[in-house]
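K.L.:
CSV, C-alpha atoms and all ligand atoms, saved as start-v4.csv, coming up:
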chain,number,residue,atom,x,y,z
A,1152,MET,CA,209.2,-45.9,240.8
A,1153,LEU,CA,207.4,-47.1,243.9
A,1154,ALA,CA,205.1,-44.0,244.0
A,1155,ASP,CA,203.6,-44.9,240.5
A,1156,ALA,CA,202.7,-48.4,241.6
A,1157,LEU,CA,201.3,-47.5,245.0
A,1158,ASP,CA,197.7,-47.8,243.8
A,1159,LEU,CA,198.3,-51.4,242.9
A,1160,LEU,CA,199.5,-52.3,246.4
A,1161,VAL,CA,197.7,-53.0,249.6
A,1162,CYS,CA,199.0,-53.6,253.1
A,1163,PRO,CA,200.2,-57.2,253.5
A,1164,ALA,CA,199.0,-57.2,257.1
A,1165,CYS,CA,195.5,-55.8,256.8
A,1166,GLY,CA,194.7,-55.2,253.1
A,1167,SER,CA,194.3,-51.4,253.5
A,1168,ASP,CA,195.4,-48.8,251.0
A,1169,LEU,CA,199.1,-47.7,251.3
A,1170,ASP,CA,200.7,-44.2,251.3
A,1171,LEU,CA,204.3,-43.3,250.8
A,1172,GLU,CA,205.9,-40.8,253.2
A,1173,GLU,CA,209.5,-40.1,252.8
A,1174,ARG,CA,211.1,-43.5,252.8
A,1175,THR,CA,208.2,-45.4,254.5
A,1176,VAL,CA,205.2,-47.1,253.1
A,1177,LEU,CA,202.3,-46.8,255.6
A,1178,CYS,CA,198.7,-48.1,255.8
A,1179,GLN,CA,195.8,-46.3,257.5
A,1180,ARG,CA,196.0,-48.8,260.4
A,1181,GLY,CA,199.6,-48.0,261.3
A,1182,HIS,CA,201.5,-50.9,259.6
A,1183,SER,CA,204.7,-49.5,258.1
A,1184,PHE,CA,207.4,-50.8,255.8
A,1185,ASP,CA,210.7,-49.2,255.2
A,1186,VAL,CA,211.7,-48.5,251.6
A,1187,ALA,CA,215.3,-49.8,251.1
A,1188,ARG,CA,218.0,-47.4,250.1
A,1189,GLN,CA,218.0,-49.1,246.7
A,1190,GLY,CA,214.3,-48.2,246.1
A,1191,TYR,CA,212.4,-51.5,246.7
A,1192,VAL,CA,210.1,-52.3,249.6
A,1193,SER,CA,209.7,-55.6,251.4
A,1194,LEU,CA,206.0,-56.4,251.8
A,1195,LEU,CA,206.3,-59.9,253.2
A,1196,ALA,CA,203.3,-60.9,255.3
A,1197,GLY,CA,203.3,-62.7,258.6
A,1198,ALA,CA,205.9,-65.1,259.8
A,1199,ALA,CA,209.4,-64.9,258.2
A,1200,THR,CA,209.7,-67.1,255.1
A,1201,LYS,CA,212.6,-69.6,254.7
A,1202,LEU,CA,212.6,-68.9,251.0
A,1203,THR,CA,215.3,-66.6,249.7
A,1204,GLY,CA,215.0,-67.0,246.0
A,1205,ASP,CA,218.0,-66.4,243.7
A,1206,SER,CA,221.3,-65.3,245.3
A,1207,ALA,CA,223.1,-62.1,244.5
A,1208,ASP,CA,225.6,-64.1,242.3
A,1209,MET,CA,222.8,-65.6,240.3
A,1210,ILE,CA,221.2,-62.3,239.8
A,1211,THR,CA,224.5,-60.7,238.6
A,1212,ALA,CA,225.0,-63.6,236.2
A,1213,ARG,CA,221.4,-63.2,234.9
A,1214,GLY,CA,221.8,-59.5,234.4
A,1215,GLU,CA,225.0,-60.1,232.5
A,1216,PHE,CA,223.5,-62.7,230.2
A,1217,LEU,CA,220.2,-60.8,229.6
A,1218,ASP,CA,221.9,-57.4,229.1
A,1219,ALA,CA,224.1,-59.0,226.4
A,1220,GLY,CA,220.9,-59.6,224.4
A,1221,HIS,CA,221.1,-63.4,224.2
A,1222,PHE,CA,217.5,-63.9,225.1
A,1223,ASP,CA,216.1,-60.8,223.2
A,1224,PRO,CA,213.8,-62.9,221.0
A,1225,ILE,CA,212.0,-64.0,224.2
A,1226,ALA,CA,211.7,-60.4,225.5
A,1227,THR,CA,210.3,-59.4,222.1
A,1228,ALA,CA,207.7,-62.2,222.2
A,1229,VAL,CA,206.7,-61.2,225.7
A,1230,ALA,CA,206.3,-57.5,224.8
A,1231,ALA,CA,204.3,-58.5,221.7
A,1232,ALA,CA,202.0,-60.8,223.9
A,1233,VAL,CA,201.4,-57.8,226.2
A,1234,GLY,CA,200.5,-55.5,223.3
A,1235,ASP,CA,200.4,-51.7,223.5
A,1236,SER,CA,197.0,-50.6,224.8
A,1237,ALA,CA,196.6,-47.6,227.1
A,1238,ASP,CA,196.9,-47.7,230.9
A,1239,LEU,CA,198.8,-50.9,231.1
A,1240,ARG,CA,199.5,-52.1,234.6
A,1241,ILE,CA,201.9,-55.1,234.4
A,1242,LEU,CA,203.0,-57.3,237.3
A,1243,GLU,CA,205.9,-59.8,236.9
A,1244,ILE,CA,206.0,-62.6,239.4
A,1245,GLY,CA,209.6,-63.7,240.0
A,1246,ALA,CA,210.9,-60.7,238.1
A,1247,GLY,CA,214.6,-61.5,238.6
A,1248,THR,CA,216.5,-58.5,237.1
A,1249,GLY,CA,213.3,-56.8,235.8
A,1250,HIS,CA,214.6,-57.3,232.2
A,1251,TYR,CA,211.4,-58.6,230.7
A,1252,LEU,CA,209.2,-56.2,232.7
A,1253,SER,CA,211.2,-53.3,231.4
A,1254,ARG,CA,210.8,-54.4,227.8
A,1255,ALA,CA,207.0,-54.9,228.4
A,1256,VAL,CA,206.5,-51.4,229.9
A,1257,ASP,CA,208.4,-49.9,227.0
A,1258,VAL,CA,205.6,-50.8,224.7
A,1259,ALA,CA,203.5,-47.8,225.8
A,1260,GLU,CA,204.5,-44.4,227.4
A,1261,ASP,CA,202.0,-44.6,230.2
A,1262,ALA,CA,202.5,-48.3,231.1
A,1263,ILE,CA,203.7,-49.1,234.6
A,1264,GLY,CA,205.3,-52.2,236.0
A,1265,LEU,CA,205.5,-53.9,239.3
A,1266,GLY,CA,208.2,-56.5,239.9
A,1267,VAL,CA,207.6,-59.1,242.6
A,1268,ASP,CA,210.4,-61.3,243.8
A,1269,ILE,CA,211.3,-63.1,247.0
A,1270,SER,CA,215.0,-62.4,246.5
A,1271,LYS,CA,216.4,-59.1,247.8
A,1272,ALA,CA,219.1,-59.1,245.3
A,1273,ALA,CA,216.5,-59.4,242.5
A,1274,ALA,CA,214.4,-56.6,244.1
A,1275,ARG,CA,217.4,-54.3,244.3
A,1276,ARG,CA,218.1,-54.8,240.6
A,1277,THR,CA,214.5,-54.5,239.5
A,1278,ALA,CA,214.1,-51.2,241.4
A,1279,ARG,CA,216.7,-49.6,239.1
A,1280,ALA,CA,215.7,-51.5,235.9
A,1281,HIS,CA,213.3,-48.8,234.5
A,1282,PRO,CA,211.9,-45.5,235.6
A,1283,ARG,CA,208.3,-46.8,235.4
A,1284,VAL,CA,209.0,-50.1,237.2
A,1285,ALA,CA,208.5,-50.5,240.9
A,1286,SER,CA,209.9,-53.4,242.9
A,1287,ILE,CA,208.7,-55.3,246.0
A,1288,VAL,CA,209.8,-58.3,247.9
A,1289,ALA,CA,206.9,-60.7,248.3
A,1290,ASP,CA,206.3,-64.5,248.2
A,1291,ALA,CA,204.6,-65.8,245.1
A,1292,TRP,CA,203.1,-68.7,247.2
A,1293,GLN,CA,201.4,-66.4,249.7
A,1294,ASN,CA,198.6,-63.8,249.3
A,1295,LEU,CA,200.2,-61.1,247.2
A,1296,PRO,CA,200.0,-57.5,248.7
A,1297,VAL,CA,198.3,-56.5,245.4
A,1298,ARG,CA,194.9,-55.0,245.0
A,1299,THR,CA,192.2,-57.3,243.6
A,1300,GLY,CA,191.5,-56.7,239.9
A,1301,SER,CA,194.2,-54.0,239.6
A,1302,CYS,CA,196.5,-55.4,236.9
A,1303,THR,CA,195.9,-55.6,233.2
A,1304,HIS,CA,198.8,-58.1,232.7
A,1305,ALA,CA,200.7,-60.6,234.8
A,1306,LEU,CA,204.0,-62.2,233.6
A,1307,SER,CA,205.6,-65.4,234.8
A,1308,ILE,CA,208.9,-66.0,232.9
A,1309,PHE,CA,210.8,-69.1,234.1
A,1310,SER,CA,209.3,-68.3,237.4
A,1311,PRO,CA,206.8,-69.6,240.0
A,1312,ARG,CA,203.1,-68.9,239.4
A,1313,ASN,CA,200.2,-69.0,241.7
A,1314,PRO,CA,197.1,-69.1,239.4
A,1315,ASP,CA,194.7,-68.3,242.2
A,1316,GLU,CA,196.5,-65.2,243.2
A,1317,ILE,CA,197.2,-64.1,239.7
A,1318,ARG,CA,193.5,-64.5,238.8
A,1319,ARG,CA,192.6,-62.4,241.8
A,1320,ILE,CA,194.9,-59.5,241.0
A,1321,LEU,CA,194.1,-59.4,237.3
A,1322,CYS,CA,191.2,-57.3,235.9
A,1323,ALA,CA,188.4,-59.3,234.2
A,1324,ASP,CA,189.8,-58.8,230.7
A,1325,GLY,CA,193.4,-59.1,231.8
A,1326,SER,CA,196.0,-61.5,230.4
A,1327,PHE,CA,198.5,-63.8,232.0
A,1328,VAL,CA,201.6,-64.4,229.9
A,1329,VAL,CA,203.6,-67.5,230.9
A,1330,VAL,CA,207.0,-68.4,229.4
A,1331,THR,CA,208.2,-72.0,230.0
A,1332,PRO,CA,211.3,-73.8,228.7
A,1333,THR,CA,210.9,-76.8,226.4
A,1334,GLN,CA,213.2,-79.9,226.7
A,1335,ARG,CA,215.4,-78.5,224.0
A,1336,HIS,CA,216.2,-75.3,225.9
A,1337,LEU,CA,220.0,-75.0,226.5
A,1338,GLY,CA,220.1,-78.7,225.4
A,1339,GLU,CA,223.7,-78.5,224.2
A,1340,LEU,CA,224.9,-77.6,227.7
A,1341,ILE,CA,222.9,-80.0,229.7
A,1342,GLU,CA,225.1,-83.1,229.4
A,1343,PRO,CA,228.6,-81.5,229.4
A,1344,LEU,CA,227.7,-79.2,232.3
A,1345,GLY,CA,225.5,-81.5,234.3
A,1346,MET,CA,222.7,-78.9,234.2
A,1347,VAL,CA,219.3,-79.5,235.7
A,1348,ARG,CA,217.0,-80.9,233.0
A,1349,VAL,CA,213.6,-79.4,232.2
A,1350,ASP,CA,210.9,-81.7,233.7
A,1351,ASP,CA,209.1,-83.6,230.9
A,1352,ASP,CA,205.8,-83.1,232.5
A,1353,LYS,CA,206.1,-79.4,233.1
A,1354,THR,CA,203.9,-78.3,230.2
A,1355,ARG,CA,201.2,-80.8,231.1
A,1356,ARG,CA,201.2,-79.7,234.7
A,1357,LEU,CA,201.1,-76.1,233.7
A,1358,GLY,CA,197.9,-76.7,231.7
A,1359,GLU,CA,196.3,-78.6,234.6
A,1360,SER,CA,197.3,-76.0,237.2
A,1361,MET,CA,195.6,-73.3,235.2
A,1362,ALA,CA,192.5,-75.3,234.5
A,1363,GLY,CA,189.4,-73.8,235.9
A,1364,ARG,CA,190.8,-70.4,236.4
A,1365,PHE,CA,192.1,-69.4,233.0
A,1366,ASP,CA,191.6,-70.3,229.3
A,1367,ARG,CA,194.6,-70.4,227.0
A,1368,VAL,CA,194.1,-68.0,224.1
A,1369,ASP,CA,197.5,-68.2,222.5
A,1370,ARG,CA,200.5,-70.4,222.5
A,1371,HIS,CA,203.6,-70.2,220.4
A,1372,ALA,CA,207.1,-71.5,220.3
A,1373,VAL,CA,210.1,-69.3,220.3
A,1374,ASP,CA,213.2,-71.2,219.1
A,1375,PHE,CA,216.5,-69.8,218.1
A,1376,THR,CA,220.2,-70.5,218.4
A,1377,MET,CA,222.9,-68.5,220.2
A,1378,GLU,CA,226.7,-68.5,219.7
A,1379,LEU,CA,228.0,-68.4,223.2
A,1380,ASP,CA,231.6,-67.8,224.4
A,1381,GLY,CA,233.0,-69.0,227.7
A,1382,SER,CA,231.8,-66.0,229.8
A,1383,ALA,CA,228.3,-66.1,228.3
A,1384,ILE,CA,228.1,-69.9,229.1
A,1385,ALA,CA,229.4,-69.2,232.6
A,1386,ALA,CA,226.6,-66.6,233.0
A,1387,VAL,CA,223.8,-68.7,231.7
A,1388,VAL,CA,224.8,-71.6,233.9
A,1389,GLY,CA,225.4,-69.3,236.9
A,1390,MET,CA,222.0,-67.8,236.7
A,1391,GLY,CA,220.0,-71.0,236.9
A,1392,PRO,CA,219.4,-73.9,239.3
A,1393,THR,CA,222.7,-75.6,238.3
A,1394,ALA,CA,224.5,-72.8,240.1
A,1395,ARG,CA,223.2,-74.4,243.4
A,1396,HIS,CA,224.6,-77.9,242.6
A,1397,LEU,CA,228.1,-77.2,241.2
A,1398,SER,CA,230.8,-74.8,242.5
A,1399,ALA,CA,232.1,-72.0,240.3
A,1400,GLU,CA,235.4,-74.1,239.9
A,1401,GLN,CA,233.5,-77.2,238.8
A,1402,ARG,CA,231.5,-75.1,236.3
A,1403,SER,CA,234.6,-73.5,234.8
A,1404,GLU,CA,236.4,-76.9,234.5
A,1405,ARG,CA,233.5,-78.3,232.5
A,1406,ILE,CA,233.1,-75.1,230.4
A,1407,ALA,CA,236.8,-75.4,229.4
A,1408,THR,CA,236.0,-78.7,227.7
A,1409,LEU,CA,233.5,-77.1,225.3
A,1410,PRO,CA,234.3,-75.8,221.8
A,1411,MET,CA,234.3,-71.9,221.6
A,1412,PRO,CA,232.0,-70.5,220.7
A,1413,THR,CA,229.4,-73.2,221.3
A,1414,THR,CA,226.0,-73.1,219.4
A,1415,VAL,CA,223.3,-73.3,222.1
A,1416,THR,CA,219.5,-73.7,221.5
A,1417,ALA,CA,217.0,-71.5,223.2
A,1418,SER,CA,213.5,-73.0,223.1
A,1419,VAL,CA,210.5,-71.7,225.1
A,1420,VAL,CA,206.8,-71.6,224.8
A,1421,VAL,CA,205.0,-68.3,225.3
A,1422,ALA,CA,201.4,-68.8,226.3
A,1423,THR,CA,198.7,-66.3,227.0
A,1424,TYR,CA,195.8,-67.0,229.3
A,1425,ARG,CA,192.6,-65.1,230.0
A,1426,PRO,CA,190.6,-65.3,233.2
A,1427,ARG,CA,187.8,-67.8,232.8
A,1428,VAL,CA,184.4,-66.1,233.1
A,1429,ALA,CA,182.5,-67.8,235.9
A,1430,MET,CA,179.3,-69.7,234.6
A,1431,THR,CA,176.2,-68.5,236.4
A,1432,SER,CA,173.1,-70.7,236.5
A,1433,ALA,CA,169.9,-69.1,235.2
B,1501,LIG,C1,214.6,-68.4,236.9
B,1501,LIG,S1,214.4,-66.8,237.7
B,1501,LIG,C2,213.5,-65.9,236.5
B,1501,LIG,C3,213.7,-64.4,236.6
B,1501,LIG,C4,213.1,-63.6,235.4
B,1501,LIG,N1,211.7,-63.8,235.2
B,1501,LIG,C5,213.8,-63.9,234.2
B,1501,LIG,O1,213.4,-64.7,233.4
B,1501,LIG,O2,214.9,-63.3,234.0
B,1501,LIG,C6,213.2,-67.1,238.9
B,1501,LIG,C7,212.9,-65.9,239.9
B,1501,LIG,O3,211.9,-66.3,240.8
B,1501,LIG,C8,212.2,-65.8,242.1
B,1501,LIG,N2,211.4,-66.6,243.0
B,1501,LIG,C9,211.7,-67.9,243.4
B,1501,LIG,N3,210.7,-68.3,244.3
B,1501,LIG,C10,209.9,-67.2,244.5
B,1501,LIG,C11,208.8,-67.0,245.3
B,1501,LIG,N4,208.3,-67.9,246.2
B,1501,LIG,N5,208.2,-65.8,245.3
B,1501,LIG,C12,208.6,-64.8,244.5
B,1501,LIG,N6,209.7,-65.0,243.7
B,1501,LIG,C13,210.4,-66.2,243.7
B,1501,LIG,C14,213.7,-66.0,242.1
B,1501,LIG,O4,214.3,-65.2,243.1
B,1501,LIG,C15,214.1,-65.6,240.7
B,1501,LIG,O5,214.4,-64.2,240.6
B,1502,ZN,ZN,197.9,-52.5,257.4
Show me this structure written as structure tokens.
P.N.:
Amino acid sequence: MLADALDLLVCPACGSDLDLEERTVLCQRGHSFDVARQGYVSLLAGAATKLTGDSADMITARGEFLDAGHFDPIATAVAAAVGDSADLRILEIGAGTGHYLSRAVDVAEDAIGLGVDISKAAARRTARAHPRVASIVADAWQNLPVRTGSCTHALSIFSPRNPDEIRRILCADGSFVVVTPTQRHLGELIEPLGMVRVDDDKTRRLGESMAGRFDRVDRHAVDFTMELDGSAIAAVVGMGPTARHLSAEQRSERIATLPMPTTVTASVVVATYRPRVAMTSA
């Protein structure tokens, strides 16, 4: 719920503390933000962004696929990477449906989660994902309306990441858990469905973009196969970038050419980073 996460948030316009009154989030300087009927609040700063994130159809497809449990080994690995210490405050950047964040807060009874996404459809869904998860609309590429040093964990799962901002909002002994697909991920569907291929250089660029701000303390592969029927394949294709390039009709024509069920590989890397301690000269 939003009230639980209020201490983690600051006003996007002036950085002051926020209060919740009825259905409005207010700062001491008079900036105010309406809480949507569905329970999320948009804390976008400054000029309107052109980014919209995932569409409502993509979020519905993602919810269907994740709720069916097909990616459960990934959710289990993320929850294990978070661990179960007391007073967890977990932010997920690009939270989508809030699926992984909900699994992560479930590790401890007092853990709270804050889902951040640029997509309103995603924010709506995350707001009802778990009683201890709050949901805001904000842009990962801008300053986050999140208090410096307030979070014990940040998650970025198939999502954008902004290491400078993540470093700022994490406490000194916090962890940043990043899930990225390998080239084998959904490999059996890429050719037949003309899916967008994972960029070969992604892992190298991830390492470089974190350099200087974080040290990697753990990295392990999570690989497994799934037996997917036509509707599960439609959902996994519909939730990703391919959905933007092919119409629903084109997708179903191509899915109809596949054997049913089709064995599909899931292959990701789960990496944990810790903020690098600044070296001070004597
Ligand atoms: C591939 S989905 C992953 C969602 C979720 N982490 C999961 O794995 O189910 C990427 C998410 O990032 C969001 N996103 C894209 N650009 C963003 C931005 N600039 N700021 C915040 N969220 C963004 C999308 O709306 C989408 O929900
Ligand atoms: Zn303000």
K.L.:
Identify, counting all atoms listed in the file, the protein, DNA and RNA residues located within 10 Å of ligand LIG 1501 (chain B), and give them as JSON, numbers by chain.
P.N.:
{"A": [1200, 1201, 1202, 1203, 1204, 1205, 1206, 1207, 1209, 1210, 1213, 1214, 1216, 1217, 1222, 1225, 1226, 1243, 1244, 1245, 1246, 1247, 1248, 1249, 1250, 1251, 1252, 1266, 1267, 1268, 1269, 1270, 1271, 1272, 1273, 1274, 1277, 1287, 1288, 1289, 1290, 1291, 1292, 1293, 1295, 1306, 1307, 1308, 1309, 1310, 1311, 1312, 1313, 1329, 1330, 1331, 1390, 1391, 1392]}
K.L.:
Suppose you want the space between CA of Leu1159 in chain A and CA of Thr1211 in chain A; what is it in Å?
P.N.:
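Between CA of Leu1159 in chain A and CA of Thr1211 in chain A the gap is 28.1 Å.
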K.L.:
Of the candidates A:Ser1301, A:Ser1183, A:Thr1416, A:Thr1423, which shows the shortest atom-to-atom distance to Leu1321 in chain A, using only C-alpha atoms?
P.N.:
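Among the listed residues, A:Ser1301 lies closest to Leu1321 in chain A.
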K.L.:
To one decimal place, how far is CA of Arg1427 in chain A from CA of Asp1238 in chain A in Å?
P.N.:
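If I compute the distance from CA of Arg1427 in chain A to CA of Asp1238 in chain A, I get 22.1 Å.
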K.L.:
Quick one: residues within 12 Å of (192.5, -62.9, 232.5) (file frame), counting all atoms listed in the file, please, as number ranges by chain.
P.N.:
A: 1300-1306, 1314-1328, 1361, 1363-1368, 1423-1429
